[in-house]
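Chemist: This is the content of my_file_35.cif (mmCIF, C-alpha atoms and all ligand atoms):
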data_target
loop_
_atom_site.label_atom_id
_atom_site.label_comp_id
_atom_site.auth_asym_id
_atom_site.auth_seq_id
_atom_site.Cartn_x
_atom_site.Cartn_y
_atom_site.Cartn_z
CA MET A 1 0.00 0.00 0.00
CA ALA A 2 1.12 3.52 -0.71
CA GLU A 3 2.29 5.68 2.19
CA LYS A 4 -0.57 7.64 3.75
CA VAL A 5 -0.31 11.40 4.07
CA LYS A 6 -1.49 12.82 7.38
CA THR A 7 -2.66 16.24 8.49
CA VAL A 8 0.05 18.68 9.49
CA ARG A 9 0.77 18.74 13.24
CA GLY A 10 -1.68 21.03 15.04
CA PHE A 11 -4.09 21.08 12.08
CA ARG A 12 -7.36 19.17 12.11
CA ASP A 13 -10.30 17.93 10.13
CA LEU A 14 -13.74 18.72 11.46
CA ILE A 15 -16.03 15.95 10.33
CA GLY A 16 -19.73 15.27 10.81
CA GLU A 17 -20.90 16.26 14.26
CA GLU A 18 -17.72 18.31 14.82
CA ALA A 19 -18.39 20.32 11.68
CA ARG A 20 -21.98 20.85 12.77
CA LYS A 21 -20.82 22.02 16.16
CA TYR A 22 -18.46 24.44 14.46
CA ARG A 23 -21.34 25.89 12.40
CA TYR A 24 -23.60 26.02 15.44
CA VAL A 25 -21.07 28.06 17.43
CA VAL A 26 -20.33 30.42 14.56
CA ASP A 27 -23.97 30.86 13.52
CA THR A 28 -25.08 31.50 17.10
CA ALA A 29 -22.45 34.20 17.54
CA ARG A 30 -23.17 35.64 14.11
CA ASP A 31 -26.90 35.92 14.87
CA ILE A 32 -26.18 37.85 18.03
CA LEU A 33 -23.75 40.17 16.24
CA GLU A 34 -26.17 40.80 13.39
CA ARG A 35 -28.87 41.66 15.92
CA ASN A 36 -26.48 44.18 17.41
CA ASN A 37 -26.09 45.70 13.95
CA PHE A 38 -22.50 44.61 13.34
CA GLU A 39 -21.49 44.25 9.69
CA GLU A 40 -19.38 41.40 8.46
CA ILE A 41 -15.92 42.03 7.08
CA ILE A 42 -14.18 39.24 5.18
CA LEU A 43 -10.45 39.61 5.56
CA PRO A 44 -7.45 38.07 3.80
CA THR A 45 -5.78 35.15 5.55
CA VAL A 46 -2.30 36.59 5.01
CA GLU A 47 -0.92 40.02 5.76
CA TYR A 48 2.53 41.55 5.73
CA THR A 49 4.39 40.29 8.78
CA LYS A 50 5.13 43.83 9.89
CA LEU A 51 1.42 44.51 10.41
CA PHE A 52 1.39 41.99 13.26
CA ALA A 53 4.80 42.94 14.60
CA ARG A 54 3.70 46.57 14.84
CA SER A 55 0.24 45.93 16.28
CA ILE A 56 0.41 42.85 18.49
CA GLY A 57 3.88 43.89 19.66
CA GLU A 58 7.44 42.69 19.03
CA ALA A 59 7.84 41.38 22.57
CA THR A 60 4.71 39.21 22.64
CA ASP A 61 4.62 35.42 22.44
CA ILE A 62 2.58 35.61 19.26
CA VAL A 63 5.13 37.69 17.38
CA GLU A 64 8.24 36.27 19.02
CA LYS A 65 7.50 32.61 18.52
CA GLU A 66 4.03 31.72 17.31
CA MET A 67 3.66 33.20 13.85
CA PHE A 68 3.67 31.22 10.62
CA THR A 69 5.82 33.47 8.47
CA PHE A 70 7.32 32.97 5.03
CA GLN A 71 8.54 34.82 2.00
CA ASP A 72 6.36 34.76 -1.08
CA LYS A 73 7.85 34.33 -4.53
CA GLY A 74 8.42 38.06 -4.72
CA GLY A 75 10.52 37.95 -1.54
CA ARG A 76 7.87 39.73 0.57
CA ASP A 77 7.63 38.87 4.28
CA ILE A 78 4.19 37.49 4.83
CA ALA A 79 2.41 35.85 7.76
CA LEU A 80 -0.66 33.69 8.16
CA ARG A 81 -2.83 35.84 10.40
CA PRO A 82 -2.53 34.90 14.10
CA GLU A 83 -5.57 37.05 15.00
CA GLY A 84 -8.13 39.34 13.39
CA THR A 85 -7.92 42.75 15.01
CA ALA A 86 -4.77 43.88 13.20
CA GLY A 87 -6.35 43.03 9.85
CA VAL A 88 -9.55 44.89 10.73
CA ALA A 89 -7.54 47.96 11.76
CA ARG A 90 -5.50 47.75 8.55
CA ALA A 91 -8.69 47.47 6.46
CA TYR A 92 -10.30 50.35 8.36
CA ILE A 93 -7.38 52.61 7.49
CA GLU A 94 -6.80 51.36 3.95
CA ASN A 95 -10.47 51.72 2.99
CA LYS A 96 -10.95 54.97 4.93
CA LEU A 97 -13.89 53.54 6.82
CA TYR A 98 -13.63 56.59 9.08
CA ALA A 99 -14.47 58.95 6.19
CA ASP A 100 -18.16 59.44 7.08
CA GLY A 101 -17.31 60.49 10.61
CA THR A 102 -19.33 57.79 12.37
CA TYR A 103 -18.07 54.82 14.31
CA LYS A 104 -18.01 51.36 12.67
CA LYS A 105 -19.12 48.00 14.04
CA LEU A 106 -17.55 45.07 12.23
CA TYR A 107 -17.31 41.34 12.77
CA TYR A 108 -15.16 38.66 11.14
CA GLU A 109 -14.88 34.93 11.28
CA GLY A 110 -12.23 32.51 10.11
CA SER A 111 -8.99 30.60 10.64
CA MET A 112 -6.13 31.94 12.69
CA PHE A 113 -2.68 30.36 12.83
CA ARG A 114 -0.26 30.14 15.73
CA HIS A 115 2.72 27.85 16.06
CA GLU A 116 1.98 26.65 19.59
CA ARG A 117 2.35 23.28 21.28
CA PRO A 118 -0.86 21.48 20.31
CA GLN A 119 -3.10 20.31 23.17
CA LYS A 120 -6.78 20.22 24.03
CA GLY A 121 -8.20 23.61 23.05
CA ARG A 122 -4.90 24.75 21.55
CA TYR A 123 -4.25 24.13 17.88
CA ARG A 124 -2.04 25.61 15.19
CA GLU A 125 -5.01 26.43 13.02
CA PHE A 126 -8.03 27.51 14.99
CA HIS A 127 -11.02 29.72 14.35
CA GLN A 128 -12.23 32.92 15.83
CA ILE A 129 -15.34 34.94 15.50
CA GLY A 130 -14.56 38.46 16.52
CA ALA A 131 -16.20 41.86 16.76
CA GLU A 132 -14.66 45.32 16.62
CA VAL A 133 -16.08 48.79 17.21
CA LEU A 134 -13.88 51.52 15.75
CA GLY A 135 -14.23 55.23 16.37
CA THR A 136 -15.76 55.60 19.81
CA SER A 137 -14.44 56.08 23.32
CA ASN A 138 -17.90 55.80 24.87
CA PRO A 139 -17.93 53.31 27.77
CA LEU A 140 -21.37 52.22 26.54
CA ALA A 141 -19.49 50.42 23.78
CA ASP A 142 -17.27 48.61 26.29
CA ALA A 143 -20.32 47.43 28.19
CA GLU A 144 -22.10 46.34 25.04
CA ILE A 145 -19.08 44.42 23.75
CA ILE A 146 -18.87 42.51 27.01
CA LYS A 147 -22.63 41.98 26.99
CA ILE A 148 -22.38 40.43 23.52
CA ALA A 149 -19.69 38.04 24.73
CA ASP A 150 -21.97 37.15 27.63
CA ASP A 151 -24.93 36.67 25.27
CA ILE A 152 -22.88 34.28 23.12
CA LEU A 153 -21.93 32.22 26.17
CA LYS A 154 -25.53 32.13 27.38
CA ALA A 155 -26.92 31.22 23.97
CA LEU A 156 -24.44 28.32 23.76
CA LYS A 157 -25.09 27.39 27.41
CA VAL A 158 -21.37 27.66 28.13
CA ASP A 159 -20.30 28.40 31.68
CA ALA A 160 -17.54 30.99 31.98
CA THR A 161 -16.55 33.73 34.39
CA ILE A 162 -16.14 37.19 32.95
CA GLU A 163 -13.04 38.87 34.37
CA ILE A 164 -12.48 42.54 33.73
CA ASN A 165 -9.72 45.06 34.32
CA SER A 166 -8.45 48.38 33.06
CA LEU A 167 -4.94 48.78 31.67
CA GLY A 168 -5.04 52.55 31.83
CA CYS A 169 -3.84 54.91 29.13
CA LYS A 170 -0.64 56.61 27.98
CA LYS A 171 -0.90 58.95 30.94
CA CYS A 172 -1.23 56.46 33.77
CA ARG A 173 0.23 53.22 32.53
CA PRO A 174 3.90 54.33 32.60
CA LYS A 175 3.63 55.03 36.33
CA TYR A 176 2.22 51.58 36.92
CA ARG A 177 4.85 50.01 34.70
CA GLU A 178 7.53 51.66 36.83
CA ALA A 179 6.02 50.38 40.07
CA LEU A 180 5.58 46.90 38.65
CA LEU A 181 9.14 46.84 37.33
CA GLN A 182 10.40 47.86 40.73
CA TYR A 183 8.51 45.03 42.38
CA LEU A 184 9.45 42.41 39.81
CA LYS A 185 13.14 43.31 39.95
CA GLU A 186 13.13 42.34 43.61
CA HIS A 187 11.93 38.88 42.54
CA LYS A 188 14.00 38.53 39.40
CA GLU A 189 15.69 35.31 40.49
CA GLU A 190 12.34 33.59 41.03
CA LEU A 191 11.01 34.40 37.55
CA CYS A 192 11.16 31.96 34.65
CA GLU A 193 13.77 32.53 31.94
CA ASP A 194 11.25 34.04 29.54
CA CYS A 195 10.05 36.49 32.17
CA GLN A 196 13.58 37.52 33.15
CA ARG A 197 13.98 38.48 29.52
CA ARG A 198 10.58 40.21 29.51
CA LEU A 199 11.44 42.24 32.59
CA GLU A 200 12.86 45.31 30.85
CA ARG A 201 11.07 44.94 27.53
CA ASN A 202 7.55 44.24 28.70
CA PRO A 203 7.04 43.75 32.44
CA LEU A 204 3.22 43.72 32.14
CA ARG A 205 3.44 40.53 30.14
CA ILE A 206 4.86 38.76 33.20
CA LEU A 207 1.43 39.00 34.82
CA ASP A 208 0.14 36.87 31.92
CA CYS A 209 2.85 34.17 32.24
CA LYS A 210 1.49 30.66 32.65
CA VAL A 211 4.47 29.36 34.65
CA GLU A 212 3.39 28.67 38.24
CA GLY A 213 6.34 30.41 39.91
CA CYS A 214 5.67 33.59 37.95
CA GLN A 215 1.97 33.44 38.76
CA LEU A 216 2.82 33.28 42.47
CA ILE A 217 4.95 36.39 42.20
CA ALA A 218 2.30 38.14 40.12
CA LYS A 219 -0.21 37.56 42.91
CA ASN A 220 1.41 40.15 45.16
CA ALA A 221 2.38 42.64 42.48
CA PRO A 222 1.09 46.21 42.60
CA LYS A 223 -2.38 46.57 41.07
CA ILE A 224 -2.90 48.74 38.02
CA THR A 225 -6.28 49.84 39.32
CA ASP A 226 -4.42 51.75 42.07
CA TYR A 227 -2.59 53.76 39.42
CA LEU A 228 -5.37 54.77 37.02
CA CYS A 229 -5.76 58.46 36.15
CA GLU A 230 -9.12 60.18 36.74
CA GLU A 231 -10.28 59.67 33.15
CA CYS A 232 -9.45 55.95 33.15
CA LYS A 233 -10.96 55.49 36.58
CA THR A 234 -14.23 57.13 35.54
CA HIS A 235 -14.32 55.13 32.32
CA HIS A 236 -13.77 51.89 34.21
CA GLN A 237 -16.43 52.85 36.74
CA LYS A 238 -18.96 53.57 33.99
CA VAL A 239 -18.31 50.27 32.26
CA LYS A 240 -18.95 48.42 35.49
CA GLU A 241 -22.13 50.40 36.18
CA TYR A 242 -23.50 49.68 32.71
CA LEU A 243 -22.70 46.00 33.08
CA LYS A 244 -24.56 45.92 36.36
CA ALA A 245 -27.50 47.71 34.73
CA LEU A 246 -27.54 44.97 32.09
CA GLY A 247 -27.32 42.25 34.71
CA VAL A 248 -24.02 40.93 33.34
CA GLU A 249 -22.09 39.13 36.05
CA PHE A 250 -18.36 39.76 36.19
CA VAL A 251 -15.44 39.73 38.58
CA GLU A 252 -12.64 42.25 38.73
CA ASN A 253 -9.16 40.89 38.18
CA PRO A 254 -6.57 43.64 38.66
CA TYR A 255 -3.86 41.39 37.20
CA LEU A 256 -5.58 40.69 33.90
CA VAL A 257 -3.30 42.07 31.16
CA ARG A 258 -3.93 40.01 27.97
CA GLY A 259 -1.19 38.69 25.72
CA LEU A 260 -1.22 41.45 23.12
CA ASP A 261 0.37 44.86 23.43
CA TYR A 262 -2.26 47.03 21.82
CA TYR A 263 -4.75 47.12 24.68
CA SER A 264 -5.62 50.19 26.76
CA LYS A 265 -8.32 50.83 29.35
CA THR A 266 -10.87 47.99 29.40
CA VAL A 267 -9.71 44.40 29.02
CA PHE A 268 -11.77 41.30 29.70
CA GLU A 269 -11.64 37.54 29.44
CA CYS A 270 -14.33 34.89 29.73
CA VAL A 271 -12.64 32.01 31.54
CA SER A 272 -13.99 28.48 31.55
CA GLU A 273 -13.19 26.58 34.71
CA GLU A 274 -14.07 23.30 33.03
CA LEU A 275 -11.51 23.88 30.27
CA GLY A 276 -9.04 25.79 32.41
CA LYS A 277 -8.74 28.26 29.57
CA THR A 278 -10.10 31.53 28.26
CA VAL A 279 -12.79 31.15 25.63
CA ILE A 280 -13.52 34.78 24.69
CA ALA A 281 -11.18 37.71 25.21
CA GLY A 282 -10.96 41.33 24.25
CA GLY A 283 -10.69 44.92 25.22
CA ARG A 284 -9.96 48.46 24.13
CA TYR A 285 -7.13 49.44 21.84
CA ASP A 286 -7.39 53.21 21.62
CA TYR A 287 -3.96 53.77 20.04
CA LEU A 288 -3.75 50.93 17.55
CA VAL A 289 -5.30 52.59 14.50
CA GLU A 290 -3.14 55.67 14.91
CA GLU A 291 -0.01 53.58 15.42
CA LEU A 292 -0.75 51.83 12.15
CA GLY A 293 -0.87 55.15 10.31
CA GLY A 294 -4.58 55.96 10.58
CA PRO A 295 -6.29 58.88 12.29
CA PRO A 296 -6.64 58.78 16.09
CA THR A 297 -9.42 56.22 16.53
CA PRO A 298 -10.43 54.83 19.92
CA ALA A 299 -11.63 51.27 19.40
CA LEU A 300 -12.38 47.98 21.08
CA GLY A 301 -13.44 44.42 20.42
CA PHE A 302 -13.22 40.77 21.30
CA ALA A 303 -12.41 37.42 19.76
CA ALA A 304 -14.17 34.19 20.60
CA GLY A 305 -12.27 30.93 20.19
CA VAL A 306 -14.58 28.67 18.21
CA GLU A 307 -12.82 25.37 19.07
CA ARG A 308 -12.78 26.14 22.78
CA LEU A 309 -16.49 26.96 22.72
CA MET A 310 -17.09 23.75 20.77
CA LEU A 311 -15.43 21.78 23.57
CA LEU A 312 -17.94 23.23 26.01
CA VAL A 313 -21.13 22.94 23.96
CA LYS A 314 -22.96 19.96 25.39
CA GLU A 315 -25.93 19.74 23.12
CA LEU A 316 -26.42 20.44 19.46
CA PRO A 317 -29.81 21.42 18.11
CA LYS A 318 -31.42 18.36 16.52
CA ARG A 319 -31.36 18.13 12.76
CA PRO A 320 -34.83 17.93 11.18
CA PRO A 321 -36.08 14.38 10.48
CA LEU A 322 -34.54 12.59 7.52
CA VAL A 323 -36.65 10.94 4.83
CA LEU A 324 -35.21 8.26 2.59
CA VAL A 325 -36.94 7.89 -0.78
CA ILE A 326 -36.42 4.35 -2.09
CA PRO A 327 -36.88 3.65 -5.79
CA PHE A 328 -38.06 0.08 -6.26
CA GLY A 329 -38.28 -1.41 -9.73
CA GLY A 330 -36.75 -0.09 -12.92
CA ASP A 331 -35.96 3.11 -14.75
CA ARG A 332 -39.45 4.60 -14.49
CA GLU A 333 -39.52 4.15 -10.69
CA ARG A 334 -36.04 5.63 -10.36
CA GLU A 335 -37.08 8.68 -12.34
CA GLU A 336 -40.27 9.18 -10.34
CA ALA A 337 -38.42 8.72 -7.06
CA LEU A 338 -35.87 11.30 -8.23
CA LYS A 339 -38.64 13.82 -8.86
CA LEU A 340 -40.48 13.08 -5.63
CA ALA A 341 -37.29 13.44 -3.58
CA HIS A 342 -36.79 16.90 -5.06
CA ARG A 343 -40.39 17.77 -4.40
CA LEU A 344 -39.75 17.07 -0.69
CA ARG A 345 -36.59 19.19 -0.67
CA GLU A 346 -38.50 22.05 -2.26
CA GLU A 347 -40.70 21.96 0.80
CA GLY A 348 -37.67 22.16 3.09
CA ILE A 349 -37.77 18.49 4.09
CA ARG A 350 -34.36 16.83 4.60
CA THR A 351 -34.40 14.07 2.03
CA GLU A 352 -32.04 11.40 0.80
CA LEU A 353 -32.67 9.54 -2.45
CA SER A 354 -31.32 6.01 -2.25
CA TYR A 355 -28.64 5.25 -4.86
CA ARG A 356 -28.53 1.70 -3.54
CA GLU A 357 -29.79 -1.05 -5.80
CA GLY A 358 -31.16 -4.40 -4.78
CA LYS A 359 -33.51 -6.05 -2.34
CA ILE A 360 -35.94 -3.99 -0.29
CA ARG A 361 -34.44 -5.49 2.90
CA LYS A 362 -31.06 -4.01 1.94
CA GLN A 363 -32.75 -0.67 1.37
CA PHE A 364 -34.14 -0.67 4.89
CA GLU A 365 -30.74 -1.61 6.28
CA PHE A 366 -29.35 1.37 4.43
CA ALA A 367 -32.10 3.59 5.88
CA ASN A 368 -31.04 2.59 9.39
CA LYS A 369 -27.34 3.10 8.65
CA ILE A 370 -27.83 6.66 7.50
CA GLY A 371 -30.12 7.42 10.45
CA ALA A 372 -33.29 7.97 8.40
CA ASP A 373 -36.46 8.67 10.36
CA TYR A 374 -38.88 7.90 7.51
CA THR A 375 -38.90 5.94 4.29
CA ILE A 376 -41.06 6.27 1.22
CA VAL A 377 -40.99 3.42 -1.29
CA VAL A 378 -41.63 4.36 -4.90
CA GLY A 379 -42.49 1.19 -6.82
CA GLU A 380 -44.66 0.16 -9.71
CA ASN A 381 -47.81 -0.44 -7.58
CA GLU A 382 -47.40 2.79 -5.69
CA LEU A 383 -47.16 4.77 -8.91
CA LYS A 384 -50.16 2.99 -10.37
CA GLN A 385 -52.34 3.64 -7.29
CA GLY A 386 -50.97 7.10 -6.53
CA LEU A 387 -50.54 5.99 -2.92
CA PHE A 388 -47.14 5.78 -1.20
CA PRO A 389 -46.16 4.03 2.05
CA LEU A 390 -44.71 6.48 4.53
CA LYS A 391 -42.96 4.46 7.21
CA ASN A 392 -41.86 5.85 10.54
CA LEU A 393 -38.72 3.85 11.34
CA HIS A 394 -38.96 4.55 15.07
CA THR A 395 -42.57 3.42 15.64
CA ARG A 396 -42.57 1.05 12.60
CA GLU A 397 -45.97 2.52 11.69
CA GLU A 398 -46.80 2.77 8.04
CA ILE A 399 -49.50 4.84 6.36
CA LYS A 400 -50.41 4.91 2.68
CA LEU A 401 -51.15 8.37 1.33
CA PRO A 402 -51.17 10.39 -1.88
CA PHE A 403 -47.81 12.09 -2.27
CA GLU A 404 -49.03 15.62 -1.56
CA GLU A 405 -50.56 14.37 1.70
CA ILE A 406 -47.20 12.91 2.66
CA VAL A 407 -45.61 16.28 1.99
CA LYS A 408 -48.11 17.87 4.41
CA VAL A 409 -47.47 15.29 7.13
CA LEU A 410 -43.69 15.62 6.83
CA LYS A 411 -43.82 19.41 6.76
CA THR A 412 -45.46 19.48 10.16
CA GLN A 413 -42.72 17.08 11.39
CA SER A 414 -39.91 19.24 10.01
CA GLY A 415 -41.14 22.24 11.92
P1 LIG B 501 -4.12 31.77 25.66
O1 LIG B 501 -3.77 32.63 26.82
O2 LIG B 501 -5.02 30.61 25.98
O3 LIG B 501 -2.94 31.40 24.83
P2 LIG B 501 -4.53 34.07 24.06
O4 LIG B 501 -4.52 35.16 25.05
O5 LIG B 501 -3.31 33.80 23.27
O6 LIG B 501 -5.03 32.70 24.73
P3 LIG B 501 -6.20 35.57 22.28
O7 LIG B 501 -5.09 36.00 21.42
O8 LIG B 501 -6.80 36.53 23.20
O9 LIG B 501 -5.77 34.25 23.08
O10 LIG B 501 -7.34 34.93 21.36
C1 LIG B 501 -8.71 34.96 21.72
C2 LIG B 501 -9.27 33.57 21.86
O11 LIG B 501 -8.86 32.74 20.79
C3 LIG B 501 -8.80 32.81 23.07
O12 LIG B 501 -9.51 33.18 24.20
C4 LIG B 501 -9.07 31.38 22.67
O13 LIG B 501 -10.43 31.06 22.85
C5 LIG B 501 -8.74 31.39 21.21
N1 LIG B 501 -7.39 30.87 20.96
C6 LIG B 501 -6.21 31.53 21.05
N2 LIG B 501 -5.20 30.74 20.71
C7 LIG B 501 -5.74 29.53 20.39
C8 LIG B 501 -5.21 28.28 19.92
N3 LIG B 501 -3.92 28.11 19.70
N4 LIG B 501 -6.08 27.27 19.69
C9 LIG B 501 -7.40 27.42 19.89
N5 LIG B 501 -7.96 28.57 20.31
C10 LIG B 501 -7.14 29.62 20.55
MG MG B 502 -1.80 32.34 23.40
#
Can you give me the file's structure in the form of structure tokens?
Modeler:
Amino acid sequence: MAEKVKTVRGFRDLIGEEARKYRYVVDTARDILERNNFEEIILPTVEYTKLFARSIGEATDIVEKEMFTFQDKGGRDIALRPEGTAGVARAYIENKLYADGTYKKLYYEGSMFRHERPQKGRYREFHQIGAEVLGTSNPLADAEIIKIADDILKALKVDATIEINSLGCKKCRPKYREALLQYLKEHKEELCEDCQRRLERNPLRILDCKVEGCQLIAKNAPKITDYLCEECKTHHQKVKEYLKALGVEFVENPYLVRGLDYYSKTVFECVSEELGKTVIAGGRYDYLVEELGGPPTPALGFAAGVERLMLLVKELPKRPPLVLVIPFGGDREREEALKLAHRLREEGIRTELSYREGKIRKQFEFANKIGADYTIVVGENELKQGLFPLKNLHTREEIKLPFEEIVKVLKTQSG
């Protein structure tokens, strides 16, 4: 036998129920976003590497070690996108979406790529559905973004705790950074190698380190919320008030920093205890658009990890009942069955036409194998009489009816 080719490490097939779960998660989120009047933006899968280096940050895990980068045939440095926000910001600037002077609400969905160690809920190709609001500093937007994340979790019946924090702004964050640096320097020896390196370049990132020793040190670090300027404090306060008004439950985590550099003010994560991982995460990035060459544009958003949500979805909505139309006889019966099967589909009934040949017993075996709920046999007698046996494979009941009557019965079943 020839050698079999496998999927690339960290990449996966989603087949059958998995694929349906994927669609269910994405469609549920999409419905909620559409209801909130977000517009879809379909982005390219690759961007120039420098877009991510400049937005996500040079000293982040994503840019330092997780990106799939390559040179195209023209020698350009290109990366498979590791996330969606940078692309949205690039598109916003490139297409002058700010031109009409209003804010924009956009959502995207698709594959992201990160060269991480594959494990449950962590893959090298994964999917996100994300939302971004560009062009407003109103804390109403922060509250609504978090509310949407909460709505998605509730709609999917996924249990997760919403943690929120504020990372301050250009005015107050440097003071906090200084205090944090001071504290961390005293514990330098206890930090992991990565964090010792991060110390001068990006001390905030240390609070996000997953190494236990670093997490212990982070626990007693100074809190950013003690360093916020008046504006950031008020903003944070408002966001929390609005969330309470909406009845969104959340906890404050003063050490929540997120793994990307572009955040300011509000950050949040929806953490699943069951998975031990974050399923939805986001926040404000008031400087990103300007740093990428656009006009000053306060903005915010979130990204939901589709695979992680899939791991937590317990129940999929049932598919509508399946009808198997079985031709029995010769060419004429096959042709009639073909037409009748399409007649059912026209009415929105999930229908399979049997391509199997042979004994009727084999046909019923096939019906069971494919999980059919009903069968209709189309044979010579049936065509002559204009009456067809509709069999319910669960109750084994059979009724003979004119075809249009069968359509009516099945339509009520298909809901
Ligand atoms: P983590 O801390 O778990 O590495 P992150 O902070 O890198 O997550 P974000 O960049 O905020 O993740 O991405 C938003 C969401 O995308 C995450 O909350 C998660 O649900 C999902 N996600 C991120 N990386 C992966 C991955 N490698 N595989 C599957 N889902 C992922
Ligand atoms: Mg990560």
Chemist: Let me have all residues with an atom within 9 Å of ligand MG 502 (chain B), counting all atoms listed in the file, laid out as a PyMOL selection string.
Modeler: chain A and resi 61-62+66+114+116+122+259
Chemist: Tell me which protein, DNA and RNA residues are within 8 Å of stretch 358-374 of chain A, counting only C-alpha atoms, leaving out same-chain ones fewer than 5 positions away, and put them as a list in words.
Modeler: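 Contacts, in chain order: Pro321, Leu322, Val323, Leu324, Ile326, Phe328, Leu390, Lys391, Asn392, Leu393 and His394 of chain A.
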Chemist: Go ahead and save the residues from that selection, with C-alpha atoms, as a short mmCIF file (atom, residue, chain, number, x, y, z; two decimals), keeping the file's coordinate frame.
Modeler:
data_model
loop_
_atom_site.label_atom_id
_atom_site.label_comp_id
_atom_site.auth_asym_id
_atom_site.auth_seq_id
_atom_site.Cartn_x
_atom_site.Cartn_y
_atom_site.Cartn_z
CA PRO A 321 -36.08 14.38 10.48
CA LEU A 322 -34.54 12.59 7.52
CA VAL A 323 -36.65 10.94 4.83
CA LEU A 324 -35.21 8.26 2.59
CA ILE A 326 -36.42 4.35 -2.09
CA PHE A 328 -38.06 0.08 -6.26
CA LEU A 390 -44.71 6.48 4.53
CA LYS A 391 -42.96 4.46 7.21
CA ASN A 392 -41.86 5.85 10.54
CA LEU A 393 -38.72 3.85 11.34
CA HIS A 394 -38.96 4.55 15.07
#
Chemist: Ligand LIG 501 (chain B): which residues are within 7 Å, counting only C-alpha atoms and all ligand atoms, as a PDB file with C-alpha atoms, keeping the file's coordinate frame?
Modeler:
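File selection26.pdb, as written:
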ATOM      1  CA  GLU A  83      -5.570  37.050  15.000  1.00  0.00           C
ATOM      2  CA  ARG A 114      -0.260  30.140  15.730  1.00  0.00           C
ATOM      3  CA  GLU A 116       1.980  26.650  19.590  1.00  0.00           C
ATOM      4  CA  GLY A 121      -8.200  23.610  23.050  1.00  0.00           C
ATOM      5  CA  ARG A 122      -4.900  24.750  21.550  1.00  0.00           C
ATOM      6  CA  TYR A 123      -4.250  24.130  17.880  1.00  0.00           C
ATOM      7  CA  ARG A 124      -2.040  25.610  15.190  1.00  0.00           C
ATOM      8  CA  GLU A 125      -5.010  26.430  13.020  1.00  0.00           C
ATOM      9  CA  PHE A 126      -8.030  27.510  14.990  1.00  0.00           C
ATOM     10  CA  HIS A 127     -11.020  29.720  14.350  1.00  0.00           C
ATOM     11  CA  GLN A 128     -12.230  32.920  15.830  1.00  0.00           C
ATOM     12  CA  ARG A 258      -3.930  40.010  27.970  1.00  0.00           C
ATOM     13  CA  GLY A 259      -1.190  38.690  25.720  1.00  0.00           C
ATOM     14  CA  LEU A 260      -1.220  41.450  23.120  1.00  0.00           C
ATOM     15  CA  LYS A 277      -8.740  28.260  29.570  1.00  0.00           C
ATOM     16  CA  THR A 278     -10.100  31.530  28.260  1.00  0.00           C
ATOM     17  CA  VAL A 279     -12.790  31.150  25.630  1.00  0.00           C
ATOM     18  CA  ILE A 280     -13.520  34.780  24.690  1.00  0.00           C
ATOM     19  CA  ALA A 281     -11.180  37.710  25.210  1.00  0.00           C
ATOM     20  CA  GLY A 282     -10.960  41.330  24.250  1.00  0.00           C
ATOM     21  CA  ALA A 303     -12.410  37.420  19.760  1.00  0.00           C
ATOM     22  CA  ALA A 304     -14.170  34.190  20.600  1.00  0.00           C
ATOM     23  CA  GLY A 305     -12.270  30.930  20.190  1.00  0.00           C
ATOM     24  CA  VAL A 306     -14.580  28.670  18.210  1.00  0.00           C
ATOM     25  CA  GLU A 307     -12.820  25.370  19.070  1.00  0.00           C
ATOM     26  CA  ARG A 308     -12.780  26.140  22.780  1.00  0.00           C
TER      27      ARG A 308
END
Chemist: Mind pulling up the distance from atom CA of A:Glu186 to atom CA of A:Thr225?
Modeler: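 Interatomic distance here is 21.2 Å.
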Chemist: Which one of A:Gln385, A:Thr102, A:Thr395, A:Gln237 sits closest to A:Leu140 if you count only C-alpha atoms?
Modeler: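 Closest candidate: A:Gln237.
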Chemist: Got a sec: who's within 12 Å of A:Ile93, counting all atoms listed in the file, leaving out chain neighbours fewer than 4 positions off, as JSON, numbers by chain?
Modeler: {"A": [86, 87, 88, 89, 97, 98, 99, 104, 134, 135, 288, 289, 290, 291, 292, 293, 294, 295, 296, 297]}
Chemist: Of the residues A:Val158, A:Leu106, A:Ala53, A:Ile42, which is the one nearest to A:Met310, using only C-alpha atoms?
Modeler: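 Using only C-alpha atoms, A:Met310 sits closest to A:Val158.
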Chemist: Hey, which of A:Gln71, A:Ala131, A:Tyr22, A:Glu64 ends up closest to A:Glu40? Count all atoms listed in the file.
Modeler: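 Among A:Gln71, A:Ala131, A:Tyr22, A:Glu64, it is A:Ala131 that comes nearest to A:Glu40.
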Chemist: Between atom CA of A:Ala341 and atom CA of A:Leu383, what distance in Å does the model show, to one decimal?
Modeler: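 Taking atom CA of A:Ala341 as the start and atom CA of A:Leu383 as the end point, the length is 14.2 Å.
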Chemist: Nearest to A:Lys318: which of A:Arg173, A:Lys21, A:Lys411, A:Lys105 is it, counting all atoms listed in the file?
Modeler: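 Of A:Arg173, A:Lys21, A:Lys411, A:Lys105, the one nearest A:Lys318, counting all atoms listed in the file, is A:Lys21.
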Chemist: Can you measure atom CA of A:Leu300 to atom CA of A:Cys214 for me? One decimal in Å is fine.
Modeler: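 Atom-to-atom, atom CA of A:Leu300 to atom CA of A:Cys214, that is 28.6 Å.
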Chemist: At a cut-off of 8 Å around the point (-42.0, 3.6, -4.4) (file coordinates), what residues fall inside when counting all atoms listed in the file? I'd like the answer as a ChimeraX atom specification.
Modeler: /A:325-328,333,337,376-383,388-389
Chemist: Given the choices A:Asp331, A:Glu39, A:Glu132, A:Glu18, which gets closest to A:Gly84 if the distance is worked out from all atoms listed in the file?
Modeler: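 Looking only at the distances to A:Gly84, the closest residue turns out to be A:Glu132.
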